Structures are given as structure tokens and as C-alpha cells.
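Source file: input_6.pdb (PDB, C-alpha atoms)
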```
ATOM      1  CA  MET A   4      27.457 139.042  29.990
ATOM      2  CA  LYS A   5      26.418 139.534  26.399
ATOM      3  CA  GLU A   6      29.494 137.707  25.132
ATOM      4  CA  ASN A   7      28.824 134.806  27.500
ATOM      5  CA  GLY A   8      25.222 134.651  26.317
ATOM      6  CA  THR A   9      26.342 134.615  22.702
ATOM      7  CA  ALA A  10      28.873 131.875  23.374
ATOM      8  CA  SER A  11      26.200 129.837  25.179
ATOM      9  CA  SER A  12      23.783 130.336  22.287
ATOM     10  CA  ARG A  13      26.426 129.221  19.817
ATOM     11  CA  GLY A  14      27.075 126.126  21.906
ATOM     12  CA  LYS A  15      23.376 125.264  21.862
ATOM     13  CA  SER A  16      23.155 125.862  18.119
ATOM     14  CA  ARG A  17      26.179 123.601  17.702
ATOM     15  CA  THR A  18      24.208 120.734  19.232
ATOM     16  CA  VAL A  19      21.537 121.043  16.532
ATOM     17  CA  ILE A  20      24.158 121.415  13.800
ATOM     18  CA  ILE A  21      25.873 118.210  14.968
ATOM     19  CA  ILE A  22      22.571 116.340  14.645
ATOM     20  CA  ILE A  23      22.024 117.784  11.156
ATOM     21  CA  LEU A  24      25.576 116.885  10.076
ATOM     22  CA  SER A  25      25.026 113.364  11.412
ATOM     23  CA  ALA A  26      21.905 113.168   9.244
ATOM     24  CA  ALA A  27      23.951 114.349   6.244
ATOM     25  CA  ALA A  28      26.553 111.649   6.955
ATOM     26  CA  ALA A  29      23.816 109.001   7.136
ATOM     27  CA  ALA A  30      22.416 110.258   3.816
ATOM     28  CA  LEU A  31      25.862 110.137   2.215
ATOM     29  CA  LEU A  32      26.460 106.553   3.342
ATOM     30  CA  LEU A  33      22.967 105.530   2.283
ATOM     31  CA  CYS A  34      22.923 107.101  -1.183
ATOM     32  CA  ALA A  35      26.596 106.788  -2.136
ATOM     33  CA  VAL A  36      27.527 103.462  -0.541
ATOM     34  CA  THR A  37      24.870 101.025   0.665
ATOM     35  CA  ASN A  38      22.164 101.643  -1.961
ATOM     36  CA  PRO A  39      24.602 101.445  -4.934
ATOM     37  CA  MET A  40      26.316  98.378  -3.467
ATOM     38  CA  TYR A  41      22.957  96.664  -2.983
ATOM     39  CA  THR A  42      22.036  97.425  -6.610
ATOM     40  CA  VAL A  43      25.370  96.052  -7.838
ATOM     41  CA  PHE A  44      25.136  92.865  -5.785
ATOM     42  CA  ILE A  45      21.471  92.133  -6.525
ATOM     43  CA  THR A  46      21.937  92.545 -10.293
ATOM     44  CA  ASP A  47      25.225  90.645 -10.578
ATOM     45  CA  VAL A  48      24.659  86.891 -10.948
ATOM     46  CA  ALA A  49      27.970  86.267  -9.225
ATOM     47  CA  TYR A  50      26.639  87.847  -6.013
ATOM     48  CA  SER A  51      22.829  87.799  -6.254
ATOM     49  CA  ASP A  52      22.527  84.464  -4.414
ATOM     50  CA  THR A  53      25.079  85.306  -1.721
ATOM     51  CA  ILE A  54      24.565  86.922   1.673
ATOM     52  CA  LEU A  55      25.764  90.310   0.388
ATOM     53  CA  PRO A  56      22.436  91.590  -1.039
ATOM     54  CA  PRO A  57      20.522  90.983   2.239
ATOM     55  CA  ILE A  58      23.323  92.589   4.258
ATOM     56  CA  PHE A  59      23.373  95.774   2.189
ATOM     57  CA  PHE A  60      19.571  95.840   2.032
ATOM     58  CA  LEU A  61      19.467  95.773   5.846
ATOM     59  CA  LEU A  62      22.185  98.424   6.103
ATOM     60  CA  SER A  63      20.224 100.654   3.736
ATOM     61  CA  LYS A  64      17.056 100.274   5.806
ATOM     62  CA  LEU A  65      18.941 101.067   9.012
ATOM     63  CA  LEU A  66      20.544 104.160   7.495
ATOM     64  CA  GLU A  67      17.189 105.287   6.084
ATOM     65  CA  ALA A  68      15.648 105.028   9.555
ATOM     66  CA  ALA A  69      18.673 106.730  11.139
ATOM     67  CA  PHE A  70      18.453 109.627   8.695
ATOM     68  CA  ALA A  71      14.743 110.088   9.369
ATOM     69  CA  ALA A  72      15.245 109.991  13.139
ATOM     70  CA  LEU A  73      18.112 112.501  13.023
ATOM     71  CA  ALA A  74      16.206 114.936  10.800
ATOM     72  CA  ALA A  75      13.147 114.804  13.067
ATOM     73  CA  SER A  76      15.266 115.097  16.217
ATOM     74  CA  ALA A  77      17.001 118.190  14.869
ATOM     75  CA  ALA A  78      13.659 119.860  14.110
ATOM     76  CA  LEU A  79      12.143 118.960  17.495
ATOM     77  CA  THR A  80      15.288 120.097  19.317
ATOM     78  CA  VAL A  81      15.024 123.429  17.491
ATOM     79  CA  THR A  82      11.378 123.644  18.573
ATOM     80  CA  ALA A  83      12.224 123.173  22.263
ATOM     81  CA  TYR A  84      15.263 125.463  22.017
ATOM     82  CA  SER A  85      13.480 128.316  20.237
ATOM     83  CA  LYS A  86      10.516 128.205  22.608
ATOM     84  CA  THR A  87      12.721 128.375  25.734
ATOM     85  CA  GLY A  88      14.822 131.386  24.806
ATOM     86  CA  GLY A  89      16.696 130.742  21.566
ATOM     87  CA  ARG A  90      15.235 133.654  19.623
ATOM     88  CA  LYS A  91      17.223 132.939  16.457
ATOM     89  CA  ALA A  92      17.004 129.165  16.805
ATOM     90  CA  SER A  93      14.136 128.981  14.297
ATOM     91  CA  LEU A  94      16.690 129.724  11.548
ATOM     92  CA  LEU A  95      18.010 126.210  12.180
ATOM     93  CA  PHE A  96      14.885 124.839  10.518
ATOM     94  CA  ILE A  97      16.440 125.886   7.191
ATOM     95  CA  PRO A  98      19.361 123.399   7.340
ATOM     96  CA  VAL A  99      16.923 120.704   8.519
ATOM     97  CA  ALA A 100      14.954 121.116   5.282
ATOM     98  CA  ALA A 101      18.212 121.455   3.320
ATOM     99  CA  VAL A 102      19.602 118.130   4.546
ATOM    100  CA  ILE A 103      16.401 116.375   3.466
ATOM    101  CA  LEU A 104      16.689 117.916   0.008
ATOM    102  CA  PHE A 105      20.395 116.955  -0.035
ATOM    103  CA  LYS A 106      19.541 113.309   0.605
ATOM    104  CA  HIS A 107      16.992 113.072  -2.207
ATOM    105  CA  SER A 108      19.155 115.042  -4.649
ATOM    106  CA  LEU A 109      22.167 112.852  -3.905
ATOM    107  CA  ASN A 110      20.073 109.733  -4.407
ATOM    108  CA  LEU A 111      19.014 110.985  -7.850
ATOM    109  CA  LEU A 112      22.587 111.907  -8.785
ATOM    110  CA  VAL A 113      24.020 108.522  -7.788
ATOM    111  CA  THR A 114      21.177 106.696  -9.547
ATOM    112  CA  LEU A 115      21.913 108.583 -12.764
ATOM    113  CA  MET A 116      25.649 107.933 -12.405
ATOM    114  CA  LEU A 117      24.984 104.204 -12.166
ATOM    115  CA  GLY A 118      22.297 104.017 -14.844
ATOM    116  CA  GLY A 119      23.708 106.659 -17.180
ATOM    117  CA  PHE A 120      22.693 110.309 -17.455
ATOM    118  CA  ASP A 121      21.078 109.594 -20.813
ATOM    119  CA  SER A 122      18.382 107.683 -18.903
ATOM    120  CA  TYR A 123      17.260 110.872 -17.146
ATOM    121  CA  THR A 124      13.650 111.949 -17.627
ATOM    122  CA  SER A 125      11.544 114.723 -16.116
ATOM    123  CA  ASP A 126       9.801 112.052 -14.038
ATOM    124  CA  ASP A 127      13.056 111.526 -12.122
ATOM    125  CA  LEU A 128      13.035 115.138 -10.975
ATOM    126  CA  ILE A 129       9.326 115.012 -10.151
ATOM    127  CA  TYR A 130       9.743 111.884  -8.006
ATOM    128  CA  THR A 131      12.780 113.403  -6.269
ATOM    129  CA  LEU A 132      10.942 116.611  -5.405
ATOM    130  CA  LEU A 133       7.856 114.650  -4.363
ATOM    131  CA  GLY A 134       9.922 112.454  -2.048
ATOM    132  CA  ALA A 135      11.756 115.423  -0.532
ATOM    133  CA  GLY A 136       8.506 117.362  -0.175
ATOM    134  CA  THR A 137       6.842 114.436   1.578
ATOM    135  CA  ASP A 138       9.712 114.047   4.053
ATOM    136  CA  ILE A 139       9.810 117.788   4.775
ATOM    137  CA  PHE A 140       6.031 117.807   5.249
ATOM    138  CA  ILE A 141       6.223 114.940   7.766
ATOM    139  CA  VAL A 142       8.965 116.703   9.738
ATOM    140  CA  PHE A 143       7.085 119.977   9.883
ATOM    141  CA  ALA A 144       3.806 118.230  10.694
ATOM    142  CA  ALA A 145       5.609 116.978  13.799
ATOM    143  CA  VAL A 146       6.834 120.513  14.517
ATOM    144  CA  ALA A 147       3.326 121.928  13.939
ATOM    145  CA  VAL A 148       2.057 119.617  16.687
ATOM    146  CA  ALA A 149       4.967 120.237  19.080
ATOM    147  CA  MET A 150       5.068 124.045  18.854
ATOM    148  CA  PRO A 151       1.577 124.978  20.146
ATOM    149  CA  MET A 152       1.804 122.258  22.799
ATOM    150  CA  THR A 153       5.132 123.725  23.958
ATOM    151  CA  ASP A 154       3.670 127.252  24.028
ATOM    152  CA  ALA A 155       0.727 126.120  26.145
ATOM    153  CA  LEU A 156       2.973 124.131  28.494
ATOM    154  CA  LEU A 157       5.433 126.985  29.052
ATOM    155  CA  CYS A 158       2.609 129.487  29.694
ATOM    156  CA  ARG A 159       1.037 127.147  32.226
ATOM    157  CA  ASN A 160       4.365 126.488  33.942
ATOM    158  CA  ALA A 161       5.232 130.199  34.038
ATOM    159  CA  SER A 162       1.942 130.917  35.824
ATOM    160  CA  LEU A 163       2.484 128.086  38.293
ATOM    161  CA  LYS A 164       6.086 129.122  38.884
ATOM    162  CA  LYS A 165       4.986 132.684  39.660
ATOM    163  CA  ALA A 166       2.220 131.437  41.949
ATOM    164  CA  TYR A 167       4.575 129.185  43.884
ATOM    165  CA  ALA A 168       7.107 132.005  44.272
ATOM    166  CA  THR A 169       4.395 134.396  45.504
ATOM    167  CA  LYS A 170       3.026 131.958  48.070
ATOM    168  CA  GLY A 171       6.453 130.894  49.232
ATOM    169  CA  GLY A 172       5.833 127.357  48.179
ATOM    170  CA  LYS A 173       8.300 124.953  46.587
ATOM    171  CA  GLU A 174      10.132 126.195  43.518
ATOM    172  CA  TYR A 175       8.497 125.143  40.257
ATOM    173  CA  SER A 176      10.343 124.362  37.054
ATOM    174  CA  LEU A 177       9.434 126.136  33.829
ATOM    175  CA  LEU A 178      10.351 122.933  31.965
ATOM    176  CA  ASP A 179       8.123 120.580  33.936
ATOM    177  CA  GLY A 180       6.377 118.330  31.426
ATOM    178  CA  LEU A 181       8.896 119.199  28.700
ATOM    179  CA  TYR A 182      12.086 117.718  30.125
ATOM    180  CA  PRO A 183      12.967 115.374  31.773
ATOM    181  CA  PHE A 184      10.542 112.992  30.054
ATOM    182  CA  ASP A 185       7.965 111.271  32.243
ATOM    183  CA  GLY A 186       8.246 108.044  30.256
ATOM    184  CA  PHE A 187       8.961 106.476  26.896
ATOM    185  CA  LEU A 188       5.427 107.012  25.578
ATOM    186  CA  ALA A 189       4.619 110.234  27.443
ATOM    187  CA  LEU A 190       2.798 111.699  24.430
ATOM    188  CA  LYS A 191       1.440 114.610  26.465
ATOM    189  CA  ASN A 192       5.005 115.876  26.287
ATOM    190  CA  PRO A 193       5.229 118.306  23.319
ATOM    191  CA  VAL A 194       8.408 116.986  21.733
ATOM    192  CA  LEU A 195       7.441 113.341  22.232
ATOM    193  CA  ALA A 196       4.026 114.102  20.731
ATOM    194  CA  GLY A 197       5.908 115.505  17.741
ATOM    195  CA  ALA A 198       8.043 112.363  17.625
ATOM    196  CA  GLY A 199       4.872 110.263  17.647
ATOM    197  CA  VAL A 200       3.376 112.245  14.761
ATOM    198  CA  PHE A 201       6.627 111.910  12.838
ATOM    199  CA  SER A 202       6.895 108.134  13.305
ATOM    200  CA  LEU A 203       3.228 107.760  12.320
ATOM    201  CA  GLY A 204       3.916 109.830   9.204
ATOM    202  CA  ILE A 205       6.892 107.608   8.323
ATOM    203  CA  PHE A 206       4.732 104.503   8.705
ATOM    204  CA  LEU A 207       1.907 105.958   6.611
ATOM    205  CA  SER A 208       4.261 107.043   3.806
ATOM    206  CA  LEU A 209       5.790 103.556   3.676
ATOM    207  CA  ALA A 210       2.383 101.860   3.856
ATOM    208  CA  VAL A 211       0.869 104.033   1.094
ATOM    209  CA  SER A 212       3.854 103.329  -1.164
ATOM    210  CA  ARG A 213       3.483  99.615  -0.466
ATOM    211  CA  ILE A 214      -0.269  99.698  -1.148
ATOM    212  CA  ILE A 215       0.314 101.438  -4.495
ATOM    213  CA  TYR A 216       2.957  98.852  -5.395
ATOM    214  CA  ASP A 217       0.784  95.905  -4.322
ATOM    215  CA  ILE A 218      -2.185  97.185  -6.339
ATOM    216  CA  SER A 219      -0.065  97.729  -9.450
ATOM    217  CA  TYR A 220       1.631  94.338  -9.059
ATOM    218  CA  GLY A 221      -1.618  92.461  -8.570
ATOM    219  CA  ALA A 222      -2.855  89.871  -6.100
ATOM    220  CA  PRO A 223      -0.369  87.147  -5.098
ATOM    221  CA  GLU A 224      -0.847  83.697  -6.535
ATOM    222  CA  SER A 225       0.191  81.710  -3.466
ATOM    223  CA  ALA A 226       0.064  81.705   0.319
ATOM    224  CA  ALA A 227       3.744  82.627   0.364
ATOM    225  CA  GLY A 228       2.894  85.783  -1.553
ATOM    226  CA  TYR A 229       0.364  86.850   1.068
ATOM    227  CA  ILE A 230       2.895  86.124   3.803
ATOM    228  CA  ASP A 231       5.397  88.372   2.017
ATOM    229  CA  ILE A 232       2.816  91.166   1.836
ATOM    230  CA  ALA A 233       1.990  90.825   5.554
ATOM    231  CA  ALA A 234       5.702  90.785   6.395
ATOM    232  CA  GLY A 235       6.155  93.972   4.392
ATOM    233  CA  TYR A 236       3.491  95.865   6.333
ATOM    234  CA  LEU A 237       4.854  94.506   9.613
ATOM    235  CA  THR A 238       8.261  95.841   8.592
ATOM    236  CA  ASP A 239       6.700  99.265   7.994
ATOM    237  CA  ILE A 240       5.172  99.240  11.486
ATOM    238  CA  LEU A 241       8.484  98.202  13.035
ATOM    239  CA  THR A 242      10.262 100.934  11.082
ATOM    240  CA  GLY A 243       7.922 103.562  12.508
ATOM    241  CA  ALA A 244       8.463 102.176  16.019
ATOM    242  CA  ALA A 245      12.245 102.092  15.534
ATOM    243  CA  VAL A 246      12.275 105.703  14.328
ATOM    244  CA  TYR A 247      10.272 106.842  17.375
ATOM    245  CA  THR A 248      12.674 104.979  19.674
ATOM    246  CA  ALA A 249      15.701 106.567  18.010
ATOM    247  CA  VAL A 250      14.171 110.066  18.210
ATOM    248  CA  TYR A 251      13.395 109.516  21.900
ATOM    249  CA  PHE A 252      17.010 108.708  22.772
ATOM    250  CA  ILE A 253      18.478 111.423  20.542
ATOM    251  CA  LEU A 254      16.226 114.009  22.225
ATOM    252  CA  LYS A 255      17.230 112.702  25.668
ATOM    253  CA  ALA A 256      20.838 113.424  24.731
ATOM    254  CA  ALA A 257      20.207 116.743  22.942
ATOM    255  CA  LEU A 258      17.649 118.600  25.056
ATOM    256  CA  PRO A 259      19.809 118.940  28.204
ATOM    257  CA  ARG A 260      22.359 120.722  25.988
ATOM    258  CA  VAL A 261      19.948 123.326  24.605
ATOM    259  CA  LEU A 262      17.431 123.967  27.396
ATOM    260  CA  PRO A 263      18.076 126.488  30.223
ATOM    261  CA  ALA A 264      20.487 124.853  32.670
ATOM    262  CA  ASP A 265      18.955 126.430  35.787
ATOM    263  CA  GLU A 266      15.485 125.198  34.848
ATOM    264  CA  LEU A 267      16.835 121.703  34.102
ATOM    265  CA  SER A 268      18.280 121.465  37.605
ATOM    266  CA  LEU A 269      14.907 122.460  39.059
ATOM    267  CA  GLY A 270      13.126 119.946  36.843
ATOM    268  CA  ASP A 271      15.435 117.121  37.930
ATOM    269  CA  GLY A 272      14.964 118.071  41.538
ATOM    270  CA  SER A 273      11.165 118.009  41.355
ATOM    271  CA  ALA A 274      10.862 114.840  39.286
TER     272      ALA A 274
END
```
Spit out the file's structure as C-alpha cells when you get a sec.
Amino acid sequence: MKENGTASSRGKSRTVIIIILSAAAAALLLCAVTNPMYTVFITDVAYSDTILPPIFFLLSKLLEAAFAALAASAALTVTAYSKTGGRKASLLFIPVAAVILFKHSLNLLVTLMLGGFDSYTSDDLIYTLLGAGTDIFIVFAAVAVAMPMTDALLCRNASLKKAYATKGGKEYSLLDGLYPFDGFLALKNPVLAGAGVFSLGIFLSLAVSRIIYDISYGAPESAAGYIDIAAGYLTDILTGAAVYTAVYFILKAALPRVLPADELSLGDGSA
């Protein structure tokens, strides 16, 4: 029985590791392929007016959003897993933070390879650490919201489950309200509340960066300039929404693999 439990635990951990490795792959493509190619094409007069810069810019944005969604999904999956019986699952938060640091470190390395290592300044390291720290903070802000909500939900469900069993009523699932999801925007659900906090954090970080840039650049001199600014903030909102959507579907695929199978069957039956 102990060996079977260990094998099951390893299988559940493997689900989280796959998500983290997928995030690492997205970071590798982003920092080592699409970002450098965009820089090459946008600065080369032979390609700057072609369709290649917009294509690689879009690919970079998609990979950036994919990386963010995968990192958040891994952390929220760990939250649900650790709170429903994975006692050592919390150790998986370490590789979640590590993959975020990997992405920012790789971005700095590739930037220096393209621009020359002699261009390196201490500001480069500061900005890298600040960016990584911000991303890690946003992920763990989402976890900080999801964890106490999950605790409260599981305690409530455990009491109800015991009461139903005592009274001979219908069987009650420990995971009711955690999984399956009640809807796309069911923010009373702990992990979806965490996803909402994360996507809001992504939007705010993008918006603050854009505000700082707009202030330093100065007011636009034409209507087209104001339209560009509005389009930029709209893009930030859409990015946050896209990240939430991606996290939602990743969690729908991951949670059935890490939550207790017997409780999942009860939850599906009572939904």
C-alpha cells in the first residue's frame, strides 16, 4: 500500500513538473528565439518594413503570456494538491520560482550575447532581479489568496461530509466548490480566485510599466499618438484576460490528475 501511495504521489508530482517544464520551454523559445529574431528584424533595414517584425513581436507576446499562465497554473496546482493530501507537494513551489528566475536570467544572457558583454552594467542585473522578483511576487500573491480559501473550503466540506454520513443523507464530496469548476468566472473557487489575482497582477505590472514609459516619453503630438496609447492599454487588458483564460483551461486539465480520485468521482456525481 505504501509503495502504491508513493507511486501515485510521484505521478501527481509529475503533472506539476510537466507544467513547469512547459513553462521552461516557453521561456527558452521566447528568450533565445523570438525576442532575438524580433530585435534582428526590427533593426535591419532589409527586414524592418516587412511582415517579419510584427510576426515575431506577436509570437513573443504569445509566448510571454503562455509562460505566465504556465507558471501560475503550476503554483495553483501545487496549492490544490498540497491542501488535499500531498504533504510534500509544497516543495514544488521551489521549481516554480526557479523557472521564473531562469526566464529572466536567460533573457539577460541572450541580450548581452547580442549586444556584447562589454555593454553589461550593474543596472542590467538590478532590472533582471526586479523583473524576476515582481513575477514571483505576483505568482505567490495568487497562492496567498488561494491557500486560505482552500483551507476554509475543505474544512467546511469535511464538516458537511461528516454530517451527511451521520444522518444517512446523500454522500458529499470533499472537493465540492474546488473541482469541478462551477463556471469560467467562478471566483469563489479558491484556485480560480488565485487565477484572477494573478491575471490582475499581470495587467497591473504591464500598465505600470506603460505609464512610466508614457510619462518619460511625453504627451503625444497627434490624435494617432493617443490612439496608440489607448491601444496599448487595451492590449494590456486583453493580455490579462488571455492569461486568466489559459490558466483556467490548464487547471481544468491538471487538477483531475492531482486531486483525490474518489472525491473527484463524488464531485462529478453531485454536480
Name all residues at most 10 Å from range 255-260 of chain A (count all atoms listed in the file; drop same-chain ones fewer than 4 positions away) and give them as a PyMOL selection string.
chain A and resi 11+14-19+21-22+76-77+79-81+83-84+181-184+194+249-251+264+267-268
Scan for residues within 12 Å of the point (16.6, 118.9, -1.5) in the coordinates of the file, using only C-alpha atoms, and reply as a PyMOL selection string.
chain A and resi 27+30+97-112+128-139
At a cut-off of 9 Å, using only C-alpha atoms, what residues contact Ala72 in chain A? Leave out same-chain residues fewer than 5 positions from it and give the result as a PyMOL selection string.
chain A and resi 26+67+77+198+201-202+245-251+253
Selection above as a file: C-alpha atoms, as a PDB file, in the coordinates of the input:
```
ATOM      1  CA  ALA A  26      21.905 113.168   9.244  1.00  0.00           C
ATOM      2  CA  GLU A  67      17.189 105.287   6.084  1.00  0.00           C
ATOM      3  CA  ALA A  77      17.001 118.190  14.869  1.00  0.00           C
ATOM      4  CA  ALA A 198       8.043 112.363  17.625  1.00  0.00           C
ATOM      5  CA  PHE A 201       6.627 111.910  12.838  1.00  0.00           C
ATOM      6  CA  SER A 202       6.895 108.134  13.305  1.00  0.00           C
ATOM      7  CA  ALA A 245      12.245 102.092  15.534  1.00  0.00           C
ATOM      8  CA  VAL A 246      12.275 105.703  14.328  1.00  0.00           C
ATOM      9  CA  TYR A 247      10.272 106.842  17.375  1.00  0.00           C
ATOM     10  CA  THR A 248      12.674 104.979  19.674  1.00  0.00           C
ATOM     11  CA  ALA A 249      15.701 106.567  18.010  1.00  0.00           C
ATOM     12  CA  VAL A 250      14.171 110.066  18.210  1.00  0.00           C
ATOM     13  CA  TYR A 251      13.395 109.516  21.900  1.00  0.00           C
ATOM     14  CA  ILE A 253      18.478 111.423  20.542  1.00  0.00           C
TER      15      ILE A 253
END
```
May I ask which of the residues A:Val261, A:Leu65, A:Leu156, A:Leu195 is the closest one to Ile20 in chain A, counting all atoms listed in the file?
A:Val261
Quick one: residues within 8 Å of Ala35 in chain A, only C-alpha atoms counted, chain neighbours fewer than 2 positions away excluded, as JSON, numbers by chain?
{"A": [31, 32, 33, 37, 38, 39, 109, 110, 113]}
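Atom to atom, CA of Ile214 in chain A and CA of Ala244 in chain A stand 19.4 Å apart.
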Nearby residues (only C-alpha atoms) at most 10 Å from Met150 in chain A, same-chain spacing under 3 positions excluded, as a PyMOL selection string:
chain A and resi 79+82-83+85-86+145-147+153-156+193-194+197
Coordinates-based distance that separates CA of Val36 in chain A from CA of Tyr123 in chain A (Å, one decimal):
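Taking CA of Tyr123 in chain A and CA of Val36 in chain A, their separation equals 20.9 Å.
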Tell me which of A:Ile205, A:Asp179, A:Leu94, A:Ser162 sits closest to Phe140 in chain A, counting only C-alpha atoms.
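For Phe140 in chain A, the nearest of the candidates is A:Ile205.
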Just give me the gap between CA of Thr87 in chain A and CA of Pro263 in chain A in Å, one decimal is fine.
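Those two atoms sit 7.2 Å apart.
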Applying the PyMOL selection byres ((chain A and resi 206) around 9) to the file I just gave you, which residues come out? Please list them as a VMD selection string.
chain A and resid 201 to 205 207 to 211 239 to 244
I need the residues from that last selection saved to file as a CSV table (one decimal), in the coordinates of the input (with C-alpha atoms), if you can.
```csv
chain,number,residue,atom,x,y,z
A,201,PHE,CA,6.6,111.9,12.8
A,202,SER,CA,6.9,108.1,13.3
A,203,LEU,CA,3.2,107.8,12.3
A,204,GLY,CA,3.9,109.8,9.2
A,205,ILE,CA,6.9,107.6,8.3
A,207,LEU,CA,1.9,106.0,6.6
A,208,SER,CA,4.3,107.0,3.8
A,209,LEU,CA,5.8,103.6,3.7
A,210,ALA,CA,2.4,101.9,3.9
A,211,VAL,CA,0.9,104.0,1.1
A,239,ASP,CA,6.7,99.3,8.0
A,240,ILE,CA,5.2,99.2,11.5
A,241,LEU,CA,8.5,98.2,13.0
A,242,THR,CA,10.3,100.9,11.1
A,243,GLY,CA,7.9,103.6,12.5
A,244,ALA,CA,8.5,102.2,16.0
```
Give the centre and edge lengths of an axis-aligned box, in Å to one decimal, that holds all listed atoms of range 244-258 of chain A with 4 Å on each side, as JSON.
```
{"center_x": 14.7, "center_y": 110.3, "center_z": 20.0, "size_x": 20.4, "size_y": 24.5, "size_z": 19.3}
```
If you count only C-alpha atoms, the residue of A:Ile230, A:Met116, A:Ser63, A:Ala75 closest to Ala196 in chain A turns out to be A:Ala75
Go through A:Tyr216, A:Leu73, A:Gly88, A:Ser125 one by one, measure the shortest atom-to-atom distance of each to Leu157 in chain A using only C-alpha atoms, and give the residue with the smallest value.
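Using only C-alpha atoms, the shortest distance to Leu157 in chain A belongs to A:Gly88.
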